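Trainee: Can you keep this structure in mind? I'll have questions shortly.
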Amino acid sequence: MSDPIPFSAALRERSSRSHSSSEHAGFMADLMKGEGTREDYIALVVQHWFIYEALERTAGQMRNDPVAAVFISDKLTRLPALEADLEFLVGPDWRERIEPLPTTRRYVDRINEVGATWAGGFVAHHYTRYLGDLSGGQFIGRLMARRFGFETNGIGFYLFEDIADPKAFKDVYREQLDAAPWDAAEQERVIDEVLLAYRFNTELFEDLAAAKAAKVA
């Protein structure tokens with residue numbers, strides 16, 4: 001009888017299609033292919049601020065939870081970098097000039113909900129965002145730097161200066177997922193929440209595309 005597949009591997013396998021669909025959504029695909037504009041990139045950074053403000057605020061609430069606390073690391077914190085990026089990209093009055101899109105509002109509401117009530121749900125969103133940032137996000141940051149002539153200003157969100165070896169960090173994170181005290185039913189709930197996070201991400205790209213089209217019309 002073969003050994004059961006580790007939870008982190010099952011999670012990765014079960015979410016791979018959703019991950020791919022999100023990455024290849026039209027708005028993001030255009031940005032990656034060089035067809036998006038600087039304004040498109042700024043629009044994405046704006047929505048990231050709302051998402052990470054919710055995620056990192058709820059992380060503060062979850063630090064005392066014995067399950068969630070294992071995953072929370074100050075090395076992952078993105079909000080100060082996002083705020084510096086927005087000051088550079090939008091201006092010192094960026095807070096008065098930004099607003100969340102409809103999907104972002106729903107996304108934030110869900111993060112707030114699970115971040116207050118359910119450690120597994122919080123970890124699902126934490127995993128989806130941060131491990132993505134440490135993987136494809138690194139490539140996106142370099143691509144945007146070349147595309148728009150950024151050095152570090154404007155792409156600070158993608159620079160994890162306190163994580164010298166992203167692969168090693170992700171390996172430890174997956175070991176922590178495997179060690180989490182979740183039974184099979186709870187693991188299924190966590191996987192479902194990861195799939196929901198990817199769906200939010202895909203729908204956000206659709207919102208961004210629609211907002212861009214509305215400006216052109």
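Within each chain, counting starts at residue 1; across the structure tokens, chains are named A, B, ... in the order shown, with ligands numbered 1 upward in that order.
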What's the 12 Å shell around A:Arg146, counting only C-alpha atoms, without same-chain residues fewer than 5 positions away, as JSON, numbers by chain?
Mentor: {"A": [32, 34, 38, 139, 140, 141, 151, 152, 154, 155]}
Trainee: For the structure I just gave you, how does DSSP split stretch 13-216 of chain A - specifically, which residues are helix (DSSP H, G or I)? Reply as a PyMOL selection string.
Mentor: chain A and resi 13-23+26-33+38-62+68-71+74-76+79-89+94-97+102-117+119-134+136-148+156-158+166-179+184-216
Trainee: For A:Met144, list every protein, DNA or RNA residue within 12 Å, evaluated using only C-alpha atoms, and leave out those in the same chain fewer than 4 positions away; present the list as a ChimeraX atom specification.
Mentor: /A:28,31-42,44-45,137-140,148-158
Trainee: Mind dumping the selected residues with N, CA and C atoms as a PDB file, in the first residue's frame?
Mentor:
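What landed in out35.pdb:
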ATOM      1  N   MET A  28      -4.096  39.947 -16.951  1.00  0.00           N
ATOM      2  CA  MET A  28      -2.747  39.622 -16.486  1.00  0.00           C
ATOM      3  C   MET A  28      -1.889  39.110 -17.633  1.00  0.00           C
ATOM      4  N   LEU A  31      -0.607  42.026 -19.532  1.00  0.00           N
ATOM      5  CA  LEU A  31       0.449  42.721 -18.795  1.00  0.00           C
ATOM      6  C   LEU A  31       1.767  41.958 -18.911  1.00  0.00           C
ATOM      7  N   MET A  32       1.688  40.649 -18.829  1.00  0.00           N
ATOM      8  CA  MET A  32       2.899  39.832 -18.905  1.00  0.00           C
ATOM      9  C   MET A  32       3.493  39.818 -20.309  1.00  0.00           C
ATOM     10  N   LYS A  33       2.650  39.917 -21.323  1.00  0.00           N
ATOM     11  CA  LYS A  33       3.132  39.894 -22.705  1.00  0.00           C
ATOM     12  C   LYS A  33       3.637  41.254 -23.180  1.00  0.00           C
ATOM     13  N   GLY A  34       3.531  42.260 -22.336  1.00  0.00           N
ATOM     14  CA  GLY A  34       3.986  43.587 -22.725  1.00  0.00           C
ATOM     15  C   GLY A  34       2.930  44.417 -23.420  1.00  0.00           C
ATOM     16  N   GLU A  35       1.687  43.909 -23.432  1.00  0.00           N
ATOM     17  CA  GLU A  35       0.607  44.644 -24.078  1.00  0.00           C
ATOM     18  C   GLU A  35      -0.133  45.555 -23.099  1.00  0.00           C
ATOM     19  N   GLY A  36       0.094  45.343 -21.814  1.00  0.00           N
ATOM     20  CA  GLY A  36      -0.508  46.212 -20.809  1.00  0.00           C
ATOM     21  C   GLY A  36       0.296  47.489 -20.650  1.00  0.00           C
ATOM     22  N   THR A  37      -0.326  48.481 -20.048  1.00  0.00           N
ATOM     23  CA  THR A  37       0.307  49.783 -19.867  1.00  0.00           C
ATOM     24  C   THR A  37       0.771  49.975 -18.416  1.00  0.00           C
ATOM     25  N   ARG A  38       1.497  51.044 -18.220  1.00  0.00           N
ATOM     26  CA  ARG A  38       1.907  51.405 -16.859  1.00  0.00           C
ATOM     27  C   ARG A  38       0.678  51.625 -15.982  1.00  0.00           C
ATOM     28  N   GLU A  39      -0.366  52.231 -16.559  1.00  0.00           N
ATOM     29  CA  GLU A  39      -1.606  52.452 -15.816  1.00  0.00           C
ATOM     30  C   GLU A  39      -2.261  51.133 -15.433  1.00  0.00           C
ATOM     31  N   ASP A  40      -2.154  50.144 -16.299  1.00  0.00           N
ATOM     32  CA  ASP A  40      -2.690  48.823 -15.966  1.00  0.00           C
ATOM     33  C   ASP A  40      -1.962  48.250 -14.755  1.00  0.00           C
ATOM     34  N   TYR A  41      -0.652  48.381 -14.765  1.00  0.00           N
ATOM     35  CA  TYR A  41       0.130  47.876 -13.646  1.00  0.00           C
ATOM     36  C   TYR A  41      -0.248  48.603 -12.357  1.00  0.00           C
ATOM     37  N   ILE A  42      -0.411  49.908 -12.431  1.00  0.00           N
ATOM     38  CA  ILE A  42      -0.787  50.685 -11.249  1.00  0.00           C
ATOM     39  C   ILE A  42      -2.148  50.225 -10.730  1.00  0.00           C
ATOM     40  N   LEU A  44      -3.418  47.326 -10.865  1.00  0.00           N
ATOM     41  CA  LEU A  44      -3.224  46.068 -10.154  1.00  0.00           C
ATOM     42  C   LEU A  44      -2.637  46.303  -8.766  1.00  0.00           C
ATOM     43  N   VAL A  45      -1.651  47.177  -8.678  1.00  0.00           N
ATOM     44  CA  VAL A  45      -1.030  47.485  -7.384  1.00  0.00           C
ATOM     45  C   VAL A  45      -2.068  48.051  -6.412  1.00  0.00           C
ATOM     46  N   GLY A 137       5.553  35.599  -8.623  1.00  0.00           N
ATOM     47  CA  GLY A 137       5.652  37.030  -8.339  1.00  0.00           C
ATOM     48  C   GLY A 137       7.050  37.581  -8.559  1.00  0.00           C
ATOM     49  N   GLN A 138       8.048  36.764  -8.296  1.00  0.00           N
ATOM     50  CA  GLN A 138       9.424  37.213  -8.501  1.00  0.00           C
ATOM     51  C   GLN A 138       9.676  37.511  -9.984  1.00  0.00           C
ATOM     52  N   PHE A 139       9.155  36.654 -10.845  1.00  0.00           N
ATOM     53  CA  PHE A 139       9.285  36.863 -12.283  1.00  0.00           C
ATOM     54  C   PHE A 139       8.506  38.097 -12.732  1.00  0.00           C
ATOM     55  N   ILE A 140       7.307  38.262 -12.192  1.00  0.00           N
ATOM     56  CA  ILE A 140       6.484  39.426 -12.553  1.00  0.00           C
ATOM     57  C   ILE A 140       7.210  40.716 -12.194  1.00  0.00           C
ATOM     58  N   PHE A 148       8.786  48.842 -17.591  1.00  0.00           N
ATOM     59  CA  PHE A 148       8.470  50.229 -17.265  1.00  0.00           C
ATOM     60  C   PHE A 148       9.659  51.010 -16.723  1.00  0.00           C
ATOM     61  N   GLY A 149      10.839  50.421 -16.748  1.00  0.00           N
ATOM     62  CA  GLY A 149      12.033  51.141 -16.340  1.00  0.00           C
ATOM     63  C   GLY A 149      12.161  51.353 -14.842  1.00  0.00           C
ATOM     64  N   PHE A 150      11.537  50.474 -14.046  1.00  0.00           N
ATOM     65  CA  PHE A 150      11.652  50.585 -12.599  1.00  0.00           C
ATOM     66  C   PHE A 150      12.991  50.010 -12.138  1.00  0.00           C
ATOM     67  N   GLU A 151      13.475  50.524 -11.024  1.00  0.00           N
ATOM     68  CA  GLU A 151      14.611  49.892 -10.347  1.00  0.00           C
ATOM     69  C   GLU A 151      14.049  49.133  -9.140  1.00  0.00           C
ATOM     70  N   THR A 152      13.933  49.819  -8.012  1.00  0.00           N
ATOM     71  CA  THR A 152      13.217  49.195  -6.887  1.00  0.00           C
ATOM     72  C   THR A 152      11.915  49.933  -6.611  1.00  0.00           C
ATOM     73  N   ASN A 153      11.902  51.245  -6.814  1.00  0.00           N
ATOM     74  CA  ASN A 153      10.659  51.995  -6.656  1.00  0.00           C
ATOM     75  C   ASN A 153       9.621  51.490  -7.653  1.00  0.00           C
ATOM     76  N   GLY A 154       8.449  51.185  -7.149  1.00  0.00           N
ATOM     77  CA  GLY A 154       7.383  50.718  -8.020  1.00  0.00           C
ATOM     78  C   GLY A 154       7.201  49.216  -8.017  1.00  0.00           C
ATOM     79  N   ILE A 155       8.246  48.475  -7.638  1.00  0.00           N
ATOM     80  CA  ILE A 155       8.136  47.010  -7.586  1.00  0.00           C
ATOM     81  C   ILE A 155       8.574  46.471  -6.224  1.00  0.00           C
ATOM     82  N   GLY A 156       8.561  47.315  -5.220  1.00  0.00           N
ATOM     83  CA  GLY A 156       8.959  46.869  -3.882  1.00  0.00           C
ATOM     84  C   GLY A 156       8.134  45.709  -3.369  1.00  0.00           C
ATOM     85  N   PHE A 157       6.882  45.645  -3.790  1.00  0.00           N
ATOM     86  CA  PHE A 157       5.987  44.556  -3.399  1.00  0.00           C
ATOM     87  C   PHE A 157       6.588  43.190  -3.713  1.00  0.00           C
ATOM     88  N   TYR A 158       7.338  43.107  -4.798  1.00  0.00           N
ATOM     89  CA  TYR A 158       7.873  41.818  -5.244  1.00  0.00           C
ATOM     90  C   TYR A 158       9.251  41.509  -4.664  1.00  0.00           C
TER      91      TYR A 158
END
Trainee: Could you list, as a list in words, every residue within 9 Å of A:Ala68, counting only C-alpha atoms and ignoring same-chain residues fewer than 4 positions away?
Mentor: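 Counting only C-alpha atoms, the residues come to Ala59, Met62, Arg63, Asn64, Ile72, Ala119, Gly120, Phe122 and Val123 of chain A.
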Trainee: Give the answer as one residue: which of A:Pro100, A:Pro80, A:Gly26, A:Pro166 has the shortest atom-to-atom distance to A:Ser135, using only C-alpha atoms?
Mentor: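 Nearest candidate to A:Ser135 out of A:Pro100, A:Pro80, A:Gly26, A:Pro166: A:Pro166.
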Trainee: Write out as a list of chain:residue names the residues lying within 10 Å of A:Glu203, counting only C-alpha atoms and excluding same-chain residues fewer than 3 positions away.
Mentor: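 Close residues of A:Glu203: A:Ser22, A:Ala25, A:Pro102, A:Thr103, A:Thr104, A:Tyr107, A:Ala197, A:Tyr198, A:Arg199, A:Phe200, A:Glu206, A:Asp207, A:Leu208, A:Ala209.
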Trainee: As a PyMOL selection string, please: the residues near stretch 184-194 of chain A (cut-off 7 Å, only C-alpha atoms, same-chain neighbours under 2 positions excluded).
Mentor: chain A and resi 11+120-121+124-125+128+182+196-198
Trainee: What lies within 7 Å of A:Asp178 using only C-alpha atoms, ignoring chain neighbours under 6 positions off, as a list in words?
Mentor: Pro6, Phe7 and Ser8 of chain A
Trainee: Do you have the atom CA of A:Ala180-atom CA of A:Val70 distance handy?
Mentor: 9.0 Å
Trainee: I'd like to know which of A:Val172, A:Ile163, A:Ala29, A:Val90 is closest to A:Phe71, using only C-alpha atoms.
Mentor: A:Val172
Trainee: Rounded to one decimal place, report the atom CA of A:Tyr52-atom CA of A:Asp133 distance in Å.
Mentor: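 So the two atoms, atom CA of A:Tyr52 and atom CA of A:Asp133, lie 11.7 Å apart.
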Trainee: Return the single residue from A:Val46, A:Phe88, A:Arg129, A:Leu55 that is closest to A:Val108, with distances computed using only C-alpha atoms.
Mentor: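 Closest to A:Val108, using only C-alpha atoms: A:Leu55.
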Trainee: What does the distance between atom CA of A:Lys75 and atom CA of A:Tyr127 come to in Å, to one decimal place?
Mentor: 14.1 Å
